[in-house]
There are 2 protein chains.
Amino acid sequence: MSDILATVLKRVKPTSSEVKFVEEVASEIILRSNEAISKLGFNAKAMLVGSAARGTWLRQDPDIDVFILFDETITREELEQKGMAVAREVAGPAGEEKFAEHPYVTMKFRGLDIDLVPCFDVTDPKRIKSAVDRSPHHQRYVKSKLTPQLVEEVLLLKQFASGTGVYGAELKKQGFSGYLCELLILHYGSFRKLVEEASKWMPGEVIDTLSYYPDKSEPKLIFENQPLVVIDPVDPSRNAAAAVSLQNFSTFVRACQDFLDNPTLRFFFPKRVRLLKPVDLDRILKRRGTRLFCIVFRSPKVVPDVLYPQLRRTEKAIVTRLVQEGFEVLRSDVWANGNSAILIELSVSKLPSVKTRVGPPPNISAKNFIQEHLSSGKCLAGPMVDAAGRVVFEVKREWTDALSLLKEIMARRISFGKNVSESVSQGYRILESDGLKKLLKESGFREFLSEYLNRKLPWYR
Amino acid sequence: MSDILATVLKRVKPTSSEVKFVEEVASEIILRSNEAISKLGFNAKAMLVGSAARGTWLRQDPDIDVFILFDETITREELEQKGMAVAREVAGPAGEEKFAEHPYVTMKFRGLDIDLVPCFDVTDPKRIKSAVDRSPHHQRYVKSKLTPQLVEEVLLLKQFASGTGVYGAELKKQGFSGYLCELLILHYGSFRKLVEEASKWMPGEVIDTLSYYPDKSEPKLIFENQPLVVIDPVDPSRNAAAAVSLQNFSTFVRACQDFLDNPTLRFFFPKRVRLLKPVDLDRILKRRGTRLFCIVFRSPKVVPDVLYPQLRRTEKAIVTRLVQEGFEVLRSDVWANGNSAILIELSVSKLPSVKTRVGPPPNISAKNFIQEHLSSGKCLAGPMVDAAGRVVFEVKREWTDALSLLKEIMARRISFGKNVSESVSQGYRILESDGLKKLLKESGFREFLSEYLNRKLPWYR
């Protein structure tokens with residue numbers, strides 16, 4: 001394993017010249033930010049945070065986060081107004097305004113991605129006014145604990161998380177943030193130890209490095225149903241792993257188990273997905289024998305952290321209704337760039353006209369059940385009694401064709417995400433094989449569909 | 001309700017001339033039997049048992065059971081030999097030999113069905129050598145308890161059980177025997193009281209008229225999983241309702257509930273099933289949208305009490321395998337006379353080539369699961385991790401077409417009934433709509449299929 005880790009480190013650890021370059025760029029942005037603050041006459045200061053500030057960035061992925069810290073006595077409105085003024089001054093026309101919990105600016109500068117983020121300079125991290133106010137505290141905490149050796153361990157973990165497909169806390173991914181990776185290394189002391197321990201994690205795992213909770217059952221209750229609970233050292237009421245879905249938690253645990261069994265570079269640098277050619281599509285769909293619907297519409301103009309939860313909510317609403325009506329959904333997924341796509345794959349798309357309605361067991365009154373059915377005019381047979389002694393009717397099924405039902409679901413849009421629903425109301429298409437072939441030309445969709453149809457944990461590719 | 005019951009009684013209670021006729025015939029058979037015993041020089045005596053002996057026969061259904069009681073010291077072989085000699089002597093060429101637990105003779109005599117059954121005259125009914133030895137004890141017990149009023153109540157119950165479709169303890173029906181009807185009336189005192197109480201029965205109901213078991217939990221344990229337990233007054237180790245299936249128990253309870261709600265003659269004299277015409281069949285099958293297979297073969301030459309359990313066992317083996325392979329069986333049933341038929345109705349008869357195999361949750365090793373699947377050569381996708389954190393593969397489904405699978409099941413005949421399996425091995429057909437239309441001409445099958453396709457509890461027809 002040591003050889004593997006050394007090889008990985010050689011590929012992902014920035015060289016000293018790369019480090020020097022990033023530091024130069026970061027210093028320049030900090031300088032410009034402070035100049036802008038002075039020029040505008042604000043009471044604030046710029047601070048480098050994140051991986052660039054801690055040296056924990058992967059060389060393929062340098063990323064500079066500069067926070068503009070304002071006094072916490074000003075209002076939120078003032079913060080946004082003044083903070084954005086500074087950011088615009090620094091970025092100039094190269095800047096692009098974004099909006100997460102509150103606004104910030106991104107820019108390219110000397111080839112690097114820079115984020116300029118206004119925040120409150122809050123003394124007590126338990127009393128922050130906005131999620132971004134925690135970052136300066138995270139910065140101070142991690143920086144004070146990390147040694148050069150630990151920085152290398154963090155790099156290994158980030159690359160491992162990236163290679164196994166669970167890196168990134170954004171709502172599109174629901175995985176492990178950079179900060180979470182740092183906390184895990186600080187807790188376990190090394191990548192190897194982390195992997196050994198994580199291979200035994202159970203859903204509901206609690207990691208409380210500073211022992212804020214003497215009784216482990218307490219965080220289990222507070223953070224109920226969260227598969228991984230890592231108490232944030234700067235704010236014990238927060239789970240630093242709150243973003244991690246059960247799916248990604250489980251994937252990570254499997255990756256650790258498999259890596260211990262057979263440590264290879266594949267976990268860090270998986271093979272790419274083989275891209276489907278349009279001519280392959282029919283063959284693959286035929287081999288699966290399923291019916292694959294792809295619902296496509298213009299993506300609403302919202303950030304990914306708003307769009308993806310809405311797409312998933314919409315996917316879930318569609319799948320739930322199809323299942324309620326008796327259709328078996330084999331798998332489903334969502335994708336977005338300029339267009340959004342919801343894939344729904346059905347085992348069977350035509351159902352018989354008759355379905356069984358099972359009523360109460362012998363000892364419970366079936367009077368209402370029987371009367372309602374008899375008066376519904378939809379009964380093909382019944383009342384009868386089945387082998388388990390329950391009253392049963394056979395009734396006309398409302399939807400026998402999945403495509404018709406899908407169109408009805410799209411027309412009614414019940415429990416859809418708000419912006420998604422608006423966008424769908426402007427128009428949508430339901431594509432099957434021929435339509436999918438055309439969509440393969442769209443940037444990113446080909447990767448998405450190729451991965452979907454040949455899905456494998458990345459280290460098994 | 002009283003009017004209804006009076007009307008029923010008028011229709012089902014034998015007139016005095018009918019009673020006189022049956023008594024005459026019975027006396028004559030007893031006389032002839034005793035003459036035959038003398039002539040053959042055996043130590044035995046004839047005894048009238050059953051409904052004719054107690055006056056509890058329905059006028060449409062007179063039935064004379066004469067038992068030839070031999071001393072219990074002779075061997076079973078001797079009993080059969082001597083008993084059948086007597087029966088043959090009485091019946092002459094009109095007799096037909098049958099075989100249940102041991103042999104007996106049936107005959108038509110002056111238009112009535114007569115059974116001549118040899119048995120042991122066992123003093124202690126707890127020590128009987130064969131099930132039929134109990135009948136003389138049942139006869140003495142019931143006869144000693146029944147009053148003319150109670151006889152009428154028994155007639156009402158028998159007709160109610162018959163009309164609601166649960167009368168008959170034979171294995172084809174798995175319902176209420178005449179003796180059970182008598183015991184229930186002796187216990188509750190009247191038909192009306194029985195209906196009131198039975199409408200509240202729960203599966204596992206225990207009726208112990210003579211209080212053999214001071215602790216009711218004891219018979220519940222002894223007769224576990226039997227929906228109705230009626231302790232036999234002549235042998236407390238026996239459940240006189242052992243034949244009653246959960247389905248018939250539940251049907252009877254529903255019938256009592258519905259009858260109390262709305263007492264009508266329908267419960268005693270239900271409408272007949274409307275018989276299907278061949279031209280209706282396609283329309284009805286189309287309306288159901290299912291796929292109905294009818295497996296037909298020559299009935300093996302065994303009595304119904306052997307044949308029906310085997311047919312049901314075979315039906316269950318077929319259904320279980322179809323379900324294992326992913327096909328949803330909406331309903332199934334069996335039928336027999338010269339031919340036997342097993343109906344299997346599928347919701348969907350074609351499945352996709354791909355199916356999901358769900359592996360262990362995150363905290364359990366998936367190593368074997370993953371290795372087995374990867375080396376199977378049948379995986380279309382996977383390993384992947386689902387939203388619940390479980391490892392999942394998508395594999396090639398072995399059977400995508402129900403008819404092909406059905407043919408394989410019929411070829412292998414695993415867990416089929418023994419005689420059914422032999423008969424199937426001689427040849428069978430799988431009929432669908434056209435074949436079914438031809439089979440509608442076969443005696444009884446038309447009634448069976450008509451009832452199956454428009455199944456209703458009889459009092460709802």
# chains A, B, ... in the order shown; residues from 1 in each chain; ligands from 1
$ residues_around --residues "Leu246 in chain A" --least-positions-apart "2" --cutoff "6 Å" --atoms "only C-alpha atoms" --output "number ranges by chain"
A: 227, 248-250; B: 389
$ closest_atom_pairs --of "chain A" --to "chain B" --cutoff "7 Å" --atoms "only C-alpha atoms" --output "CSV"
residue,atom,partner,partner_atom,distance
A:Lys200,CA,B:Asn363,CA,6.8
A:Trp201,CA,B:Asn363,CA,6.7
A:Met202,CA,B:Asn363,CA,5.3
A:Leu246,CA,B:Gly389,CA,5.5
A:Gln247,CA,B:Gly389,CA,4.6
A:Ser250,CA,B:Gly389,CA,5.0
A:Thr251,CA,B:Val385,CA,6.2
A:Val253,CA,B:Pro362,CA,6.9
A:Arg287,CA,B:Ser353,CA,6.5
A:Arg288,CA,B:Val354,CA,5.1
A:Gly289,CA,B:Pro352,CA,4.3
A:Thr290,CA,B:Pro352,CA,5.2
A:Ser347,CA,B:Pro352,CA,5.7
A:Val348,CA,B:Leu351,CA,6.6
A:Leu351,CA,B:Val348,CA,6.6
A:Pro352,CA,B:Gly289,CA,4.3
A:Ser353,CA,B:Gly289,CA,5.0
A:Val354,CA,B:Arg288,CA,5.1
A:Pro362,CA,B:Ser250,CA,5.2
A:Asn363,CA,B:Met202,CA,5.3
A:Ala381,CA,B:Asn454,CA,5.2
A:Gly382,CA,B:Lys456,CA,4.4
A:Pro383,CA,B:Lys456,CA,5.2
A:Met384,CA,B:Leu457,CA,5.2
A:Val385,CA,B:Gln247,CA,6.1
A:Asp386,CA,B:Gln247,CA,5.9
A:Ala387,CA,B:Gln247,CA,4.9
A:Ala388,CA,B:Gln247,CA,6.3
A:Gly389,CA,B:Gln247,CA,4.6
A:Asn454,CA,B:Ala381,CA,5.2
A:Arg455,CA,B:Ala381,CA,5.3
A:Lys456,CA,B:Gly382,CA,4.4
A:Leu457,CA,B:Met384,CA,5.2
$ write_last_selection --atoms "C-alpha atoms" --output "PDB file, in the first residue's frame"
ATOM      1  CA  LYS A 200     -15.941  -0.766   9.761  1.00  0.00           C
ATOM      2  CA  TRP A 201     -18.255   2.268   9.860  1.00  0.00           C
ATOM      3  CA  MET A 202     -21.950   1.662  10.320  1.00  0.00           C
ATOM      4  CA  LEU A 246     -26.395   7.216   2.675  1.00  0.00           C
ATOM      5  CA  GLN A 247     -25.476   6.192  -0.858  1.00  0.00           C
ATOM      6  CA  SER A 250     -21.980   3.346   1.810  1.00  0.00           C
ATOM      7  CA  THR A 251     -19.906   3.783  -1.346  1.00  0.00           C
ATOM      8  CA  VAL A 253     -17.218   2.367   3.245  1.00  0.00           C
ATOM      9  CA  ARG A 287     -30.179  -6.158 -24.297  1.00  0.00           C
ATOM     10  CA  ARG A 288     -31.762  -4.623 -21.205  1.00  0.00           C
ATOM     11  CA  GLY A 289     -35.280  -5.194 -22.548  1.00  0.00           C
ATOM     12  CA  THR A 290     -36.582  -2.328 -20.432  1.00  0.00           C
ATOM     13  CA  SER A 347     -39.243  -3.015 -16.222  1.00  0.00           C
ATOM     14  CA  VAL A 348     -42.630  -3.235 -17.864  1.00  0.00           C
ATOM     15  CA  LEU A 351     -49.979  -3.589 -17.371  1.00  0.00           C
ATOM     16  CA  PRO A 352     -53.197  -5.628 -17.501  1.00  0.00           C
ATOM     17  CA  SER A 353     -56.553  -3.878 -17.122  1.00  0.00           C
ATOM     18  CA  VAL A 354     -57.275  -5.782 -13.936  1.00  0.00           C
ATOM     19  CA  PRO A 362     -61.490 -11.902   8.652  1.00  0.00           C
ATOM     20  CA  ASN A 363     -61.815 -10.289  12.054  1.00  0.00           C
ATOM     21  CA  ALA A 381     -64.691  -9.675  -9.930  1.00  0.00           C
ATOM     22  CA  GLY A 382     -65.375  -9.853  -6.218  1.00  0.00           C
ATOM     23  CA  PRO A 383     -65.963  -9.665  -3.403  1.00  0.00           C
ATOM     24  CA  MET A 384     -64.097 -12.916  -2.910  1.00  0.00           C
ATOM     25  CA  VAL A 385     -62.004 -14.294  -0.073  1.00  0.00           C
ATOM     26  CA  ASP A 386     -58.367 -15.226  -0.674  1.00  0.00           C
ATOM     27  CA  ALA A 387     -56.315 -18.042   0.858  1.00  0.00           C
ATOM     28  CA  ALA A 388     -55.214 -15.712   3.664  1.00  0.00           C
ATOM     29  CA  GLY A 389     -58.856 -15.069   4.511  1.00  0.00           C
ATOM     30  CA  ASN A 454     -22.955   0.687 -17.651  1.00  0.00           C
ATOM     31  CA  ARG A 455     -22.985   1.803 -14.051  1.00  0.00           C
ATOM     32  CA  LYS A 456     -20.200   0.417 -11.895  1.00  0.00           C
ATOM     33  CA  LEU A 457     -18.454   1.609  -8.770  1.00  0.00           C
TER      34      LEU A 457
END
$ residues_around --residues "range 140-150 of chain B" --least-positions-apart "3" --cutoff "6 Å" --atoms "only C-alpha atoms" --output "list of chain:residue names"
B:Arg54, B:His137, B:Glu153
$ closest_residue --among "B:Val105, B:Ala241, B:Ala85, B:Ile114" --to "Glu28 in chain B" --atoms "only C-alpha atoms"
B:Ile114
$ residues_around --residues "Ala52 in chain A" --least-positions-apart "4" --cutoff "9 Å" --atoms "only C-alpha atoms" --output "list in words"
Val19, Val22, Glu23, Ala26, Leu48, Thr56, Trp57, Pro62, Asp63, Ile64 and Asp65 of chain A
$ write_last_selection --atoms "all heavy atoms" --output "short mmCIF file (atom, residue, chain, number, x, y, z; two decimals), in the first residue's frame"
data_model
loop_
_atom_site.label_atom_id
_atom_site.label_comp_id
_atom_site.auth_asym_id
_atom_site.auth_seq_id
_atom_site.Cartn_x
_atom_site.Cartn_y
_atom_site.Cartn_z
N VAL A 19 3.01 25.54 -5.89
CA VAL A 19 2.61 26.14 -4.61
C VAL A 19 2.94 27.62 -4.62
O VAL A 19 2.12 28.47 -4.25
CB VAL A 19 3.32 25.42 -3.43
CG1 VAL A 19 3.09 26.18 -2.13
CG2 VAL A 19 2.84 23.98 -3.31
N VAL A 22 0.49 29.62 -6.76
CA VAL A 22 -0.82 29.80 -6.11
C VAL A 22 -0.71 30.82 -4.97
O VAL A 22 -1.58 31.68 -4.81
CB VAL A 22 -1.39 28.45 -5.62
CG1 VAL A 22 -2.56 28.66 -4.65
CG2 VAL A 22 -1.84 27.61 -6.81
N GLU A 23 0.36 30.71 -4.22
CA GLU A 23 0.55 31.65 -3.10
C GLU A 23 0.67 33.09 -3.61
O GLU A 23 0.10 34.02 -3.04
CB GLU A 23 1.80 31.27 -2.29
CG GLU A 23 1.51 30.07 -1.38
CD GLU A 23 2.75 29.58 -0.61
OE1 GLU A 23 3.86 30.10 -0.86
OE2 GLU A 23 2.58 28.67 0.22
N ALA A 26 -2.75 34.24 -4.70
CA ALA A 26 -3.59 34.47 -3.52
C ALA A 26 -3.19 35.79 -2.84
O ALA A 26 -4.05 36.62 -2.52
CB ALA A 26 -3.45 33.30 -2.55
N LEU A 48 -7.59 34.77 3.27
CA LEU A 48 -7.53 33.59 2.43
C LEU A 48 -7.99 32.39 3.26
O LEU A 48 -7.50 32.17 4.36
CB LEU A 48 -6.09 33.36 1.94
CG LEU A 48 -5.90 32.17 0.98
CD1 LEU A 48 -6.62 32.39 -0.33
CD2 LEU A 48 -4.41 31.92 0.75
N THR A 56 -3.83 22.28 1.18
CA THR A 56 -4.46 20.96 0.99
C THR A 56 -5.17 20.85 -0.36
O THR A 56 -6.08 20.05 -0.53
CB THR A 56 -5.47 20.67 2.12
OG1 THR A 56 -6.42 21.74 2.17
CG2 THR A 56 -4.79 20.54 3.46
N TRP A 57 -4.72 21.65 -1.35
CA TRP A 57 -5.35 21.55 -2.67
C TRP A 57 -4.65 20.51 -3.53
O TRP A 57 -3.45 20.30 -3.46
CB TRP A 57 -5.41 22.91 -3.36
CG TRP A 57 -4.11 23.69 -3.36
CD1 TRP A 57 -3.58 24.41 -2.33
CD2 TRP A 57 -3.18 23.81 -4.45
NE1 TRP A 57 -2.39 24.97 -2.67
CE2 TRP A 57 -2.11 24.63 -3.99
CE3 TRP A 57 -3.15 23.33 -5.75
CZ2 TRP A 57 -1.02 24.95 -4.80
CZ3 TRP A 57 -2.06 23.67 -6.56
CH2 TRP A 57 -1.02 24.47 -6.08
N PRO A 62 -6.50 23.60 -8.26
CA PRO A 62 -6.23 24.73 -7.36
C PRO A 62 -7.44 25.67 -7.37
O PRO A 62 -8.10 25.82 -8.38
CB PRO A 62 -5.02 25.41 -8.00
CG PRO A 62 -5.10 25.04 -9.44
CD PRO A 62 -5.80 23.72 -9.54
N ASP A 63 -7.68 26.28 -6.23
CA ASP A 63 -8.95 26.95 -6.02
C ASP A 63 -8.70 27.98 -4.94
O ASP A 63 -8.26 27.62 -3.84
CB ASP A 63 -9.95 25.90 -5.51
CG ASP A 63 -11.36 26.26 -5.87
OD1 ASP A 63 -11.56 27.16 -6.70
OD2 ASP A 63 -12.27 25.63 -5.30
N ILE A 64 -8.93 29.25 -5.25
CA ILE A 64 -8.59 30.29 -4.26
C ILE A 64 -9.86 30.92 -3.72
O ILE A 64 -10.67 31.46 -4.48
CB ILE A 64 -7.65 31.34 -4.89
CG1 ILE A 64 -6.31 30.65 -5.22
CG2 ILE A 64 -7.44 32.52 -3.95
CD1 ILE A 64 -5.32 31.54 -5.90
N ASP A 65 -10.04 30.81 -2.41
CA ASP A 65 -11.22 31.37 -1.75
C ASP A 65 -10.78 32.55 -0.89
O ASP A 65 -10.07 32.36 0.11
CB ASP A 65 -11.90 30.34 -0.85
CG ASP A 65 -12.45 29.18 -1.64
OD1 ASP A 65 -13.06 29.41 -2.69
OD2 ASP A 65 -12.25 28.01 -1.21
#
$ closest_residue --among "A:Ser450, A:Ser130, A:Ser443, A:Gln371" --to "Leu276 in chain A" --atoms "only C-alpha atoms"
A:Ser450
$ residues_around --residues "Ile4 in chain A" --least-positions-apart "2" --cutoff "10 Å" --atoms "only C-alpha atoms" --output "list in words"
Met1, Ser2, Ala6, Thr7, Val8, Leu9, Lys10, Pro263, Thr264, Leu265, Arg266 and Phe268 of chain A
$ write_last_selection --atoms "C-alpha atoms" --output "PDB file, in the first residue's frame"
ATOM      1  CA  MET A   1       0.000   0.000   0.000  1.00  0.00           C
ATOM      2  CA  SER A   2       2.861   2.402   0.797  1.00  0.00           C
ATOM      3  CA  ALA A   6       3.656   7.350  -2.680  1.00  0.00           C
ATOM      4  CA  THR A   7       2.694   7.124  -6.354  1.00  0.00           C
ATOM      5  CA  VAL A   8      -0.598   8.881  -5.716  1.00  0.00           C
ATOM      6  CA  LEU A   9       1.107  11.641  -3.772  1.00  0.00           C
ATOM      7  CA  LYS A  10       3.588  12.180  -6.572  1.00  0.00           C
ATOM      8  CA  PRO A 263      -4.978  -1.619  -2.749  1.00  0.00           C
ATOM      9  CA  THR A 264      -4.510  -0.311  -6.280  1.00  0.00           C
ATOM     10  CA  LEU A 265      -4.241   3.015  -8.068  1.00  0.00           C
ATOM     11  CA  ARG A 266      -7.730   2.404  -9.484  1.00  0.00           C
ATOM     12  CA  PHE A 268      -7.542   7.140  -6.889  1.00  0.00           C
TER      13      PHE A 268
END
$ closest_residue --among "A:Leu431, A:Ile185, A:Ala94, A:Leu311" --to "Phe109 in chain A" --atoms "only C-alpha atoms"
A:Ala94
$ atom_distance --atom1 "CA of Ser423 in chain B" --atom2 "CA of Phe448 in chain B"
21.4 Å
$ atom_distance --atom1 "CA of Asn337 in chain B" --atom2 "CA of Ser299 in chain B"
6.9 Å
$ residues_around --residues "Gly178 in chain A" --least-positions-apart "4" --cutoff "12 Å" --atoms "only C-alpha atoms" --output "count of residues only"
37
$ residues_around --residues "Val296 in chain B" --least-positions-apart "6" --cutoff "10 Å" --atoms "only C-alpha atoms" --output "PDB file with N, CA and C atoms, in the first residue's frame"
ATOM      1  N   TRP B 335     -59.156 -27.599 -11.204  1.00  0.00           N
ATOM      2  CA  TRP B 335     -60.438 -28.213 -11.494  1.00  0.00           C
ATOM      3  C   TRP B 335     -60.183 -29.635 -11.963  1.00  0.00           C
ATOM      4  N   ALA B 336     -61.140 -30.515 -11.751  1.00  0.00           N
ATOM      5  CA  ALA B 336     -60.961 -31.881 -12.266  1.00  0.00           C
ATOM      6  C   ALA B 336     -62.288 -32.562 -12.491  1.00  0.00           C
ATOM      7  N   ASN B 339     -60.649 -35.003 -17.052  1.00  0.00           N
ATOM      8  CA  ASN B 339     -59.424 -34.246 -17.201  1.00  0.00           C
ATOM      9  C   ASN B 339     -59.191 -33.399 -15.961  1.00  0.00           C
ATOM     10  N   SER B 340     -57.938 -33.038 -15.752  1.00  0.00           N
ATOM     11  CA  SER B 340     -57.621 -32.074 -14.706  1.00  0.00           C
ATOM     12  C   SER B 340     -57.137 -30.795 -15.373  1.00  0.00           C
ATOM     13  N   ALA B 341     -57.422 -29.662 -14.731  1.00  0.00           N
ATOM     14  CA  ALA B 341     -56.985 -28.382 -15.279  1.00  0.00           C
ATOM     15  C   ALA B 341     -56.388 -27.537 -14.160  1.00  0.00           C
ATOM     16  N   ILE B 342     -55.275 -26.881 -14.471  1.00  0.00           N
ATOM     17  CA  ILE B 342     -54.694 -25.905 -13.550  1.00  0.00           C
ATOM     18  C   ILE B 342     -54.685 -24.573 -14.289  1.00  0.00           C
ATOM     19  N   LEU B 343     -55.417 -23.602 -13.751  1.00  0.00           N
ATOM     20  CA  LEU B 343     -55.473 -22.264 -14.350  1.00  0.00           C
ATOM     21  C   LEU B 343     -54.398 -21.405 -13.710  1.00  0.00           C
ATOM     22  N   VAL B 424     -49.020 -36.029 -15.954  1.00  0.00           N
ATOM     23  CA  VAL B 424     -48.474 -34.971 -16.807  1.00  0.00           C
ATOM     24  C   VAL B 424     -47.380 -35.538 -17.707  1.00  0.00           C
ATOM     25  N   GLY B 427     -48.412 -36.655 -20.931  1.00  0.00           N
ATOM     26  CA  GLY B 427     -48.849 -35.676 -21.914  1.00  0.00           C
ATOM     27  C   GLY B 427     -49.714 -34.606 -21.266  1.00  0.00           C
ATOM     28  N   TYR B 428     -49.571 -33.399 -21.758  1.00  0.00           N
ATOM     29  CA  TYR B 428     -50.392 -32.305 -21.234  1.00  0.00           C
ATOM     30  C   TYR B 428     -50.452 -31.242 -22.326  1.00  0.00           C
ATOM     31  N   ARG B 429     -51.412 -30.327 -22.194  1.00  0.00           N
ATOM     32  CA  ARG B 429     -51.479 -29.210 -23.124  1.00  0.00           C
ATOM     33  C   ARG B 429     -51.548 -27.906 -22.330  1.00  0.00           C
ATOM     34  N   ILE B 430     -51.025 -26.834 -22.896  1.00  0.00           N
ATOM     35  CA  ILE B 430     -51.218 -25.519 -22.286  1.00  0.00           C
ATOM     36  C   ILE B 430     -52.160 -24.750 -23.204  1.00  0.00           C
ATOM     37  N   LEU B 431     -53.377 -24.525 -22.719  1.00  0.00           N
ATOM     38  CA  LEU B 431     -54.380 -23.863 -23.550  1.00  0.00           C
ATOM     39  C   LEU B 431     -54.432 -22.372 -23.261  1.00  0.00           C
ATOM     40  N   LEU B 436     -59.181 -22.844 -24.779  1.00  0.00           N
ATOM     41  CA  LEU B 436     -60.160 -22.733 -23.697  1.00  0.00           C
ATOM     42  C   LEU B 436     -61.579 -22.823 -24.248  1.00  0.00           C
ATOM     43  N   LEU B 439     -62.472 -26.295 -24.682  1.00  0.00           N
ATOM     44  CA  LEU B 439     -62.629 -26.987 -23.401  1.00  0.00           C
ATOM     45  C   LEU B 439     -63.949 -26.631 -22.716  1.00  0.00           C
TER      46      LEU B 439
END
$ select_by_dssp --residues "range 57-266 of chain B" --states "helix (DSSP H, G or I)" --output "ChimeraX atom specification"
/B:76-94,125-127,131-145,148-163,178-188,191-198,217-222,246-261,265-266
$ atom_distance --atom1 "CA of Phe191 in chain A" --atom2 "CA of Asp133 in chain A"
28.8 Å
$ select_by_dssp --residues "range 79-199 of chain B" --states "strand (DSSP E)" --output "NGL selection string"
:B and (96-99 or 103-109 or 112-121)
